[in-house]
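Text of the file protein15.json, holding JSON, C-alpha atoms:
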[["chain", "number", "residue", "atom", "x", "y", "z"],
["A", 126, "MET", "CA", 130.44, 104.29, 80.62],
["A", 127, "THR", "CA", 129.64, 102.62, 77.30],
["A", 128, "TRP", "CA", 126.61, 100.47, 76.59],
["A", 129, "SER", "CA", 128.76, 97.33, 76.44],
["A", 130, "GLU", "CA", 129.84, 98.07, 80.01],
["A", 131, "MET", "CA", 126.35, 98.95, 81.22],
["A", 132, "TRP", "CA", 124.56, 95.92, 79.77],
["A", 133, "PRO", "CA", 126.12, 93.21, 82.00],
["A", 134, "LEU", "CA", 125.43, 95.33, 85.10],
["A", 135, "LEU", "CA", 121.81, 95.92, 84.12],
["A", 136, "GLU", "CA", 121.23, 92.29, 83.16],
["A", 137, "GLN", "CA", 122.47, 90.96, 86.50],
["A", 138, "ALA", "CA", 120.64, 93.71, 88.38],
["A", 139, "CYS", "CA", 117.35, 92.81, 86.66],
["A", 140, "TRP", "CA", 117.70, 89.14, 87.57],
["A", 141, "ASP", "CA", 118.51, 90.06, 91.18],
["A", 142, "THR", "CA", 115.45, 92.32, 91.34],
["A", 143, "PHE", "CA", 113.17, 89.65, 89.87],
["A", 144, "TYR", "CA", 114.56, 87.09, 92.32],
["A", 145, "MET", "CA", 113.98, 89.30, 95.37],
["A", 146, "VAL", "CA", 110.57, 90.54, 94.29],
["A", 147, "GLY", "CA", 109.39, 87.09, 93.14],
["A", 148, "TRP", "CA", 110.14, 85.27, 96.39],
["A", 149, "SER", "CA", 108.90, 88.19, 98.49],
["A", 150, "THR", "CA", 105.63, 88.26, 96.55],
["A", 151, "VAL", "CA", 105.07, 84.53, 97.06],
["A", 152, "ILE", "CA", 105.66, 84.84, 100.81],
["A", 153, "ALA", "CA", 103.50, 87.97, 101.06],
["A", 154, "VAL", "CA", 100.58, 86.34, 99.23],
["A", 155, "VAL", "CA", 100.79, 83.06, 101.14],
["A", 156, "ALA", "CA", 100.87, 84.85, 104.52],
["A", 157, "GLY", "CA", 98.87, 87.98, 103.70],
["A", 158, "LEU", "CA", 95.84, 86.30, 102.11],
["A", 159, "PRO", "CA", 94.77, 84.32, 105.20],
["A", 160, "LEU", "CA", 95.68, 87.26, 107.43],
["A", 161, "GLY", "CA", 93.39, 89.59, 105.50],
["A", 162, "ILE", "CA", 90.56, 87.03, 105.54],
["A", 163, "VAL", "CA", 90.96, 86.58, 109.30],
["A", 164, "LEU", "CA", 90.65, 90.34, 109.73],
["A", 165, "VAL", "CA", 87.29, 90.19, 107.95],
["A", 166, "LEU", "CA", 86.03, 87.07, 109.73],
["A", 167, "THR", "CA", 86.90, 88.35, 113.23],
["A", 168, "ASP", "CA", 85.46, 91.82, 112.69],
["A", 169, "LYS", "CA", 82.17, 92.88, 114.23],
["A", 170, "GLY", "CA", 79.40, 90.99, 112.46],
["A", 171, "GLY", "CA", 81.87, 88.56, 110.90],
["A", 172, "LEU", "CA", 81.56, 84.79, 110.90],
["A", 173, "LEU", "CA", 84.15, 84.53, 113.68],
["A", 174, "GLY", "CA", 83.31, 87.78, 115.41],
["A", 175, "ASN", "CA", 86.05, 88.37, 117.99],
["A", 176, "ALA", "CA", 86.73, 92.02, 118.79],
["A", 177, "PHE", "CA", 89.83, 91.32, 120.89],
["A", 178, "ALA", "CA", 91.55, 89.15, 118.28],
["A", 179, "ASN", "CA", 90.61, 91.59, 115.52],
["A", 180, "LYS", "CA", 92.09, 94.56, 117.37],
["A", 181, "VAL", "CA", 95.30, 92.72, 118.25],
["A", 182, "ILE", "CA", 95.87, 91.54, 114.69],
["A", 183, "GLY", "CA", 94.87, 94.93, 113.31],
["A", 184, "GLN", "CA", 97.33, 96.77, 115.56],
["A", 185, "ILE", "CA", 100.18, 94.46, 114.57],
["A", 186, "VAL", "CA", 99.38, 95.06, 110.92],
["A", 187, "ASN", "CA", 99.14, 98.81, 111.42],
["A", 188, "VAL", "CA", 102.44, 99.07, 113.31],
["A", 189, "THR", "CA", 104.29, 97.06, 110.68],
["A", 190, "ARG", "CA", 102.77, 99.07, 107.85],
["A", 191, "SER", "CA", 103.58, 102.41, 109.46],
["A", 192, "MET", "CA", 107.30, 101.65, 109.79],
["A", 193, "PRO", "CA", 109.42, 103.07, 106.93],
["A", 194, "PHE", "CA", 110.96, 100.23, 104.98],
["A", 195, "ILE", "CA", 114.56, 101.36, 105.37],
["A", 196, "ILE", "CA", 114.12, 101.38, 109.18],
["A", 197, "LEU", "CA", 112.33, 98.04, 109.12],
["A", 198, "MET", "CA", 115.16, 96.53, 107.11],
["A", 199, "VAL", "CA", 117.78, 97.70, 109.62],
["A", 200, "ALA", "CA", 115.68, 96.63, 112.61],
["A", 201, "LEU", "CA", 115.24, 93.13, 111.15],
["A", 202, "MET", "CA", 118.94, 92.55, 110.49],
["A", 203, "PRO", "CA", 119.42, 90.17, 113.47],
["A", 204, "PHE", "CA", 116.35, 88.17, 112.41],
["A", 205, "THR", "CA", 117.45, 88.21, 108.78],
["A", 206, "LYS", "CA", 120.89, 86.99, 109.80],
["A", 207, "ALA", "CA", 119.35, 84.12, 111.78],
["A", 208, "VAL", "CA", 117.09, 83.07, 108.91],
["A", 209, "THR", "CA", 119.32, 83.46, 105.85],
["A", 210, "GLY", "CA", 122.81, 83.64, 107.37],
["A", 211, "THR", "CA", 123.45, 87.04, 105.81],
["A", 212, "THR", "CA", 122.10, 90.58, 105.86],
["A", 213, "ILE", "CA", 123.38, 91.65, 102.43],
["A", 214, "GLY", "CA", 122.76, 90.49, 98.91],
["A", 215, "ARG", "CA", 119.46, 89.39, 97.42],
["A", 216, "GLU", "CA", 118.93, 86.62, 99.99],
["A", 217, "GLY", "CA", 119.34, 89.11, 102.81],
["A", 218, "ALA", "CA", 116.74, 91.41, 101.26],
["A", 219, "ILE", "CA", 113.98, 88.83, 100.87],
["A", 220, "VAL", "CA", 113.17, 88.65, 104.61],
["A", 221, "PRO", "CA", 112.54, 92.40, 105.18],
["A", 222, "LEU", "CA", 110.82, 92.70, 101.80],
["A", 223, "ALA", "CA", 108.40, 89.89, 102.64],
["A", 224, "ILE", "CA", 107.72, 91.10, 106.18],
["A", 225, "GLY", "CA", 107.11, 94.61, 104.92],
["A", 226, "ALA", "CA", 104.75, 93.38, 102.19],
["A", 227, "ILE", "CA", 102.66, 90.94, 104.28],
["A", 228, "PRO", "CA", 100.66, 93.60, 106.22],
["A", 229, "PHE", "CA", 100.42, 95.76, 103.11],
["A", 230, "PHE", "CA", 98.84, 92.93, 101.10],
["A", 231, "ALA", "CA", 96.70, 91.82, 104.06],
["A", 232, "ARG", "CA", 94.96, 95.20, 104.21],
["A", 233, "LEU", "CA", 94.33, 95.08, 100.48],
["A", 234, "VAL", "CA", 92.87, 91.58, 100.86],
["A", 235, "GLU", "CA", 90.65, 92.80, 103.69],
["A", 236, "THR", "CA", 89.28, 95.58, 101.48],
["A", 237, "SER", "CA", 88.70, 93.18, 98.57],
["A", 238, "VAL", "CA", 86.91, 90.54, 100.65],
["A", 239, "ARG", "CA", 84.62, 93.11, 102.27],
["A", 240, "GLU", "CA", 83.24, 93.94, 98.81],
["A", 241, "VAL", "CA", 81.74, 90.44, 98.41],
["A", 242, "ASP", "CA", 77.96, 90.39, 98.44],
["A", 243, "HIS", "CA", 76.91, 89.34, 101.96],
["A", 244, "GLY", "CA", 73.81, 87.70, 100.50],
["A", 245, "LEU", "CA", 76.00, 84.97, 99.00],
["A", 246, "VAL", "CA", 77.53, 84.30, 102.41],
["A", 247, "GLU", "CA", 74.09, 84.02, 103.96],
["A", 248, "ALA", "CA", 72.99, 81.68, 101.18],
["A", 249, "VAL", "CA", 75.89, 79.31, 101.86],
["A", 250, "GLN", "CA", 75.23, 79.37, 105.60],
["A", 251, "SER", "CA", 71.51, 78.73, 105.14],
["A", 252, "MET", "CA", 72.32, 75.63, 103.11],
["A", 253, "GLY", "CA", 74.64, 74.22, 105.78],
["A", 254, "GLY", "CA", 77.95, 75.51, 104.49],
["A", 255, "SER", "CA", 80.80, 75.78, 107.00],
["A", 256, "ILE", "CA", 83.06, 78.78, 107.47],
["A", 257, "TRP", "CA", 85.73, 77.04, 105.40],
["A", 258, "THR", "CA", 83.17, 76.54, 102.61],
["A", 259, "VAL", "CA", 82.25, 80.24, 102.74],
["A", 260, "VAL", "CA", 85.90, 81.24, 102.44],
["A", 261, "ARG", "CA", 86.83, 78.71, 99.77],
["A", 262, "LYS", "CA", 83.76, 78.95, 97.54],
["A", 263, "VAL", "CA", 82.46, 82.47, 98.07],
["A", 264, "LEU", "CA", 84.89, 84.97, 99.59],
["A", 265, "VAL", "CA", 87.97, 84.06, 97.58],
["A", 266, "PRO", "CA", 86.36, 83.31, 94.17],
["A", 267, "GLU", "CA", 84.06, 86.34, 94.27],
["A", 268, "SER", "CA", 86.90, 88.71, 95.21],
["A", 269, "LEU", "CA", 89.48, 87.15, 92.89],
["A", 270, "PRO", "CA", 89.64, 90.02, 90.33],
["A", 271, "SER", "CA", 90.20, 92.50, 93.15],
["A", 272, "LEU", "CA", 92.75, 90.17, 94.75],
["A", 273, "ILE", "CA", 94.69, 90.05, 91.47],
["A", 274, "SER", "CA", 94.75, 93.85, 91.41],
["A", 275, "SER", "CA", 95.91, 93.87, 95.03],
["A", 276, "ALA", "CA", 98.72, 91.44, 94.22],
["A", 277, "THR", "CA", 99.76, 93.64, 91.31],
["A", 278, "THR", "CA", 99.88, 96.69, 93.57],
["A", 279, "THR", "CA", 101.97, 94.69, 96.05],
["A", 280, "VAL", "CA", 104.47, 93.65, 93.36],
["A", 281, "VAL", "CA", 104.87, 97.26, 92.22],
["A", 282, "ALA", "CA", 105.43, 98.36, 95.83],
["A", 283, "LEU", "CA", 107.99, 95.57, 96.32],
["A", 284, "ILE", "CA", 109.95, 96.77, 93.30],
["A", 285, "GLY", "CA", 110.19, 100.17, 94.96],
["A", 286, "TYR", "CA", 111.20, 98.55, 98.25],
["A", 287, "SER", "CA", 113.88, 96.50, 96.47],
["A", 288, "ALA", "CA", 115.33, 99.69, 95.02],
["A", 289, "MET", "CA", 115.60, 101.11, 98.55],
["A", 290, "ALA", "CA", 117.19, 97.86, 99.71],
["A", 291, "GLY", "CA", 119.99, 98.56, 97.25],
["A", 292, "THR", "CA", 121.24, 101.29, 99.59],
["A", 293, "VAL", "CA", 122.46, 98.62, 102.04],
["A", 294, "GLY", "CA", 123.96, 96.29, 99.46],
["A", 295, "ALA", "CA", 120.96, 94.16, 98.62],
["A", 296, "GLY", "CA", 121.76, 94.16, 94.92],
["A", 297, "GLY", "CA", 119.32, 94.74, 92.09],
["A", 298, "LEU", "CA", 118.54, 97.82, 90.05],
["A", 299, "GLY", "CA", 118.54, 100.08, 93.10],
["A", 300, "ASP", "CA", 122.06, 99.01, 93.97],
["A", 301, "VAL", "CA", 123.27, 99.79, 90.43],
["A", 302, "ALA", "CA", 121.63, 103.22, 90.52],
["A", 303, "ILE", "CA", 123.22, 104.05, 93.90],
["A", 304, "ARG", "CA", 126.73, 102.63, 93.40],
["A", 305, "TYR", "CA", 127.27, 103.61, 89.80],
["A", 306, "GLY", "CA", 124.74, 106.28, 88.96],
["A", 307, "TYR", "CA", 125.05, 108.31, 92.16],
["A", 308, "GLN", "CA", 128.36, 107.51, 93.87],
["A", 309, "ARG", "CA", 130.39, 107.31, 90.65],
["A", 310, "PHE", "CA", 128.49, 110.10, 88.89],
["A", 311, "GLU", "CA", 127.41, 107.87, 86.00],
["A", 312, "THR", "CA", 124.29, 109.91, 85.33],
["A", 313, "GLU", "CA", 123.54, 108.15, 82.07],
["A", 314, "LEU", "CA", 123.49, 104.74, 83.78],
["A", 315, "MET", "CA", 121.24, 106.07, 86.52],
["A", 316, "TRP", "CA", 118.67, 107.30, 84.02],
["A", 317, "VAL", "CA", 118.83, 104.04, 82.09],
["A", 318, "THR", "CA", 118.13, 102.22, 85.36],
["A", 319, "VAL", "CA", 115.15, 104.46, 86.02],
["A", 320, "ALA", "CA", 113.85, 103.74, 82.51],
["A", 321, "VAL", "CA", 114.23, 99.98, 83.03],
["A", 322, "LEU", "CA", 112.31, 100.21, 86.32],
["A", 323, "ALA", "CA", 109.56, 102.21, 84.61],
["A", 324, "VAL", "CA", 109.25, 99.62, 81.82],
["A", 325, "VAL", "CA", 109.18, 96.69, 84.26],
["A", 326, "ILE", "CA", 106.51, 98.32, 86.41],
["A", 327, "SER", "CA", 104.41, 99.22, 83.37],
["A", 328, "VAL", "CA", 104.53, 95.63, 82.06],
["A", 329, "ILE", "CA", 103.59, 94.17, 85.46],
["A", 330, "GLN", "CA", 100.75, 96.67, 85.91],
["A", 331, "PHE", "CA", 99.40, 95.95, 82.41],
["A", 332, "ALA", "CA", 99.52, 92.18, 82.98],
["A", 333, "GLY", "CA", 97.78, 92.49, 86.35],
["A", 334, "ASP", "CA", 95.06, 94.77, 84.99],
["A", 335, "PHE", "CA", 94.52, 92.48, 82.00],
["A", 336, "ALA", "CA", 94.13, 89.41, 84.25],
["A", 337, "ALA", "CA", 91.79, 91.23, 86.64],
["A", 338, "ARG", "CA", 89.57, 92.49, 83.80],
["A", 339, "GLY", "CA", 89.43, 89.02, 82.25],
["A", 340, "LEU", "CA", 88.34, 87.44, 85.54],
["A", 341, "HIS", "CA", 85.80, 90.22, 86.10],
["A", 342, "ARG", "CA", 84.22, 89.71, 82.66],
["A", 343, "ARG", "CA", 84.12, 85.95, 83.17],
["A", 344, "GLY", "CA", 82.48, 86.43, 86.58],
["A", 345, "ARG", "CA", 79.82, 88.71, 85.12],
["A", 346, "GLY", "CA", 79.15, 86.27, 82.32],
["A", 347, "GLY", "CA", 78.60, 83.44, 84.77],
["A", 348, "SER", "CA", 76.87, 85.36, 87.54],
["A", 349, "ALA", "CA", 73.53, 83.57, 87.14],
["A", 350, "PRO", "CA", 74.65, 80.04, 88.04],
["A", 351, "ARG", "CA", 77.31, 81.02, 90.57],
["A", 352, "LEU", "CA", 75.38, 79.37, 93.41],
["A", 353, "ARG", "CA", 75.34, 76.00, 91.68],
["A", 354, "PHE", "CA", 78.18, 74.73, 93.89],
["A", 355, "LEU", "CA", 76.17, 75.17, 97.08],
["A", 356, "ARG", "CA", 74.24, 71.95, 96.55],
["A", 357, "ALA", "CA", 77.33, 69.82, 97.18],
["A", 358, "ASP", "CA", 77.98, 71.47, 100.53],
["A", 359, "ALA", "CA", 74.41, 71.68, 101.73],
["A", 360, "VAL", "CA", 73.20, 69.59, 104.64],
["A", 361, "PRO", "CA", 72.23, 66.18, 103.18],
["A", 362, "LEU", "CA", 68.59, 65.30, 103.17],
["A", 363, "SER", "CA", 67.34, 62.46, 105.32],
["A", 364, "PRO", "CA", 66.16, 59.33, 103.45],
["A", 365, "THR", "CA", 62.51, 60.16, 104.17],
["A", 366, "ALA", "CA", 62.91, 63.73, 102.96],
["A", 367, "ALA", "CA", 64.84, 62.59, 99.91],
["A", 368, "THR", "CA", 62.09, 60.07, 99.01],
["A", 369, "ALA", "CA", 59.42, 62.70, 99.48],
["A", 370, "GLU", "CA", 61.33, 65.13, 97.31],
["A", 371, "ALA", "CA", 61.84, 62.54, 94.56],
["A", 372, "ALA", "CA", 58.21, 61.33, 94.58],
["A", 373, "PRO", "CA", 55.99, 62.87, 91.86],
["A", 374, "GLU", "CA", 53.06, 65.01, 92.88],
["A", 375, "PRO", "CA", 49.73, 63.14, 92.75],
["A", 376, "VAL", "CA", 47.53, 63.91, 89.81],
["A", 377, "LYS", "CA", 44.26, 65.50, 90.83],
["A", 378, "THR", "CA", 41.19, 63.99, 89.18],
["A", 379, "PRO", "CA", 38.30, 66.27, 88.40]]
Any chance you could give the structure as structure tokens?
Amino acid sequence: MTWSEMWPLLEQACWDTFYMVGWSTVIAVVAGLPLGIVLVLTDKGGLLGNAFANKVIGQIVNVTRSMPFIILMVALMPFTKAVTGTTIGREGAIVPLAIGAIPFFARLVETSVREVDHGLVEAVQSMGGSIWTVVRKVLVPESLPSLISSATTTVVALIGYSAMAGTVGAGGLGDVAIRYGYQRFETELMWVTVAVLAVVISVIQFAGDFAARGLHRRGRGGSAPRLRFLRADAVPLSPTAATAEAAPEPVKTP
């Protein structure tokens, strides 16, 4: 197979892969971020400490994560058919890709959020901050560099999942490698596909690492005033207390 024949196949396969991975990443982040935070909040000693809820959610996440993706994809075919109207093509691959990535990303979020300094959480609570304030202004911002790295890891894993999805006609680079590189013995095309996947993954990993390092440096540079936002969410002072606070101290005469 000549390069002029390979290029149209690779171009379409790349777009299909980006389409599947892009939508799956969006769904995984939107669903996995709150799920991971809930796992932290409901754990023992958390702000919403609930052992039963934590174990139930944790078991669901563990079972979904432990299932090999190819089996998960086949098991979800009836659900995929009901949601998208098809079980093949890039639309049919988005549902199993997203469902497989949600628990994966949720566990990474849980690990990232647990690294936040608990003293900041206590500071927000002592100043009257609600649980939503703790999540929105402490847990997520303070763990953002780690969350970016987690999202990058999830995208890389989804690219691998999408290649496996090509075995059941999902399209993308995996489909090209299977149908042409393996079944039609086009070894050259298969290795070109592998090289394209390696380049795509390297670019995504570099971009994710660059963004995470930039956020980490910015966070270290502004670590001193990072509690400045707590004043807006603190319990408001009563008029008497506010007047007393605003009044100047009396000058002592000798």
**Report entry** Protein/DNA/RNA residues near (121.3, 110.0, 84.9), cut 12 Å, only C-alpha atoms, as a ChimeraX atom specification
**Finding:** /A:126,301-303,305-320
Atoms to include: C-alpha atoms. Write the selected residues as a short mmCIF file (atom, residue, chain, number, x, y, z; two decimals), keeping the file's coordinate frame.
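Result saved to part.cif:
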data_model
loop_
_atom_site.label_atom_id
_atom_site.label_comp_id
_atom_site.auth_asym_id
_atom_site.auth_seq_id
_atom_site.Cartn_x
_atom_site.Cartn_y
_atom_site.Cartn_z
CA MET A 126 130.44 104.29 80.62
CA VAL A 301 123.27 99.79 90.43
CA ALA A 302 121.63 103.22 90.52
CA ILE A 303 123.22 104.05 93.90
CA TYR A 305 127.27 103.61 89.80
CA GLY A 306 124.74 106.28 88.96
CA TYR A 307 125.05 108.31 92.16
CA GLN A 308 128.36 107.51 93.87
CA ARG A 309 130.39 107.31 90.65
CA PHE A 310 128.49 110.10 88.89
CA GLU A 311 127.41 107.87 86.00
CA THR A 312 124.29 109.91 85.33
CA GLU A 313 123.54 108.15 82.07
CA LEU A 314 123.49 104.74 83.78
CA MET A 315 121.24 106.07 86.52
CA TRP A 316 118.67 107.30 84.02
CA VAL A 317 118.83 104.04 82.09
CA THR A 318 118.13 102.22 85.36
CA VAL A 319 115.15 104.46 86.02
CA ALA A 320 113.85 103.74 82.51
#
Query raised in the report: Which one of A:His243, A:Lys180, A:Arg304, A:Arg342 sits closest to A:Val163 if you count all atoms listed in the file?
Result: A:Lys180
Requested in this report: Record the distance separating atom CA of A:Leu298 and atom CA of A:Val321, expressed in Å with one decimal.
Outcome: 8.5 Å
Report task. Skip stretch 329-334 of chain A itself and residues of its chain fewer than 5 positions away, then list as a PyMOL selection string all residues within 7 Å of it, counting all atoms listed in the file. Result -> chain A and resi 273-274+277
Query raised in the report: By how many Å are atom CA of A:Met202 and atom CA of A:Pro221 apart?
Result: 8.3 Å
Query raised in the report: What separation in Å, quoted to one decimal, exists between atom CA of A:Gly183 and atom CA of A:Phe229?
Result: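 The value is 11.6 Å.
Of the residues under consideration (A:Leu272, A:Ala153, A:Met131, A:Ile224), A:Leu272 shows the shortest atom-to-atom contact distance to A:Glu240 when counting all atoms listed in the file.
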Query raised in the report: Pick from A:Ala156, A:Ala337, A:Leu222, A:Ile162: nearest to A:Pro193, with only C-alpha atoms counted?
Result: A:Leu222
Query raised in the report: Residues at most 10 Å from A:Phe230, counting all atoms listed in the file, excluding those fewer than 5 positions away in the same chain, as a PyMOL selection string?
Result: chain A and resi 150+153-154+156-158+160-161+190+225+235-236+272+275-280
Written file, previous selection with C-alpha atoms, as a PDB file, in the frame of the given file:
ATOM      1  CA  THR A 150     105.630  88.260  96.550  1.00  0.00           C
ATOM      2  CA  ALA A 153     103.500  87.970 101.060  1.00  0.00           C
ATOM      3  CA  VAL A 154     100.580  86.340  99.230  1.00  0.00           C
ATOM      4  CA  ALA A 156     100.870  84.850 104.520  1.00  0.00           C
ATOM      5  CA  GLY A 157      98.870  87.980 103.700  1.00  0.00           C
ATOM      6  CA  LEU A 158      95.840  86.300 102.110  1.00  0.00           C
ATOM      7  CA  LEU A 160      95.680  87.260 107.430  1.00  0.00           C
ATOM      8  CA  GLY A 161      93.390  89.590 105.500  1.00  0.00           C
ATOM      9  CA  ARG A 190     102.770  99.070 107.850  1.00  0.00           C
ATOM     10  CA  GLY A 225     107.110  94.610 104.920  1.00  0.00           C
ATOM     11  CA  GLU A 235      90.650  92.800 103.690  1.00  0.00           C
ATOM     12  CA  THR A 236      89.280  95.580 101.480  1.00  0.00           C
ATOM     13  CA  LEU A 272      92.750  90.170  94.750  1.00  0.00           C
ATOM     14  CA  SER A 275      95.910  93.870  95.030  1.00  0.00           C
ATOM     15  CA  ALA A 276      98.720  91.440  94.220  1.00  0.00           C
ATOM     16  CA  THR A 277      99.760  93.640  91.310  1.00  0.00           C
ATOM     17  CA  THR A 278      99.880  96.690  93.570  1.00  0.00           C
ATOM     18  CA  THR A 279     101.970  94.690  96.050  1.00  0.00           C
ATOM     19  CA  VAL A 280     104.470  93.650  93.360  1.00  0.00           C
TER      20      VAL A 280
END
Report task. Anything within 6 Å of (116.9, 92.2, 89.3): list those residues as number ranges by chain, counting all atoms listed in the file and sticking to the file's coordinates. Result -> A: 138-143, 297-298
Would you compute the box with edges along x, y and z of the file around stretch 306-318 of chain A, including every atom the file lists for it and 6 Å extra on each side, and give its centre and edge lengths in Å to one decimal, as JSON?
{"center_x": 124.3, "center_y": 106.2, "center_z": 88.0, "size_x": 24.3, "size_y": 19.9, "size_z": 23.8}
Query - Residue among A:Ala290, A:Leu166, A:Met145, A:Val220 lying closest to A:Val246, counting all atoms listed in the file - result: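 Under the stated criterion, the closest residue is A:Leu166.
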Query - Selected residue of minimal separation from A:Leu197 among A:Ala223, A:Arg343, A:Asp242, A:Gly285, counting all atoms listed in the file - result: A:Ala223
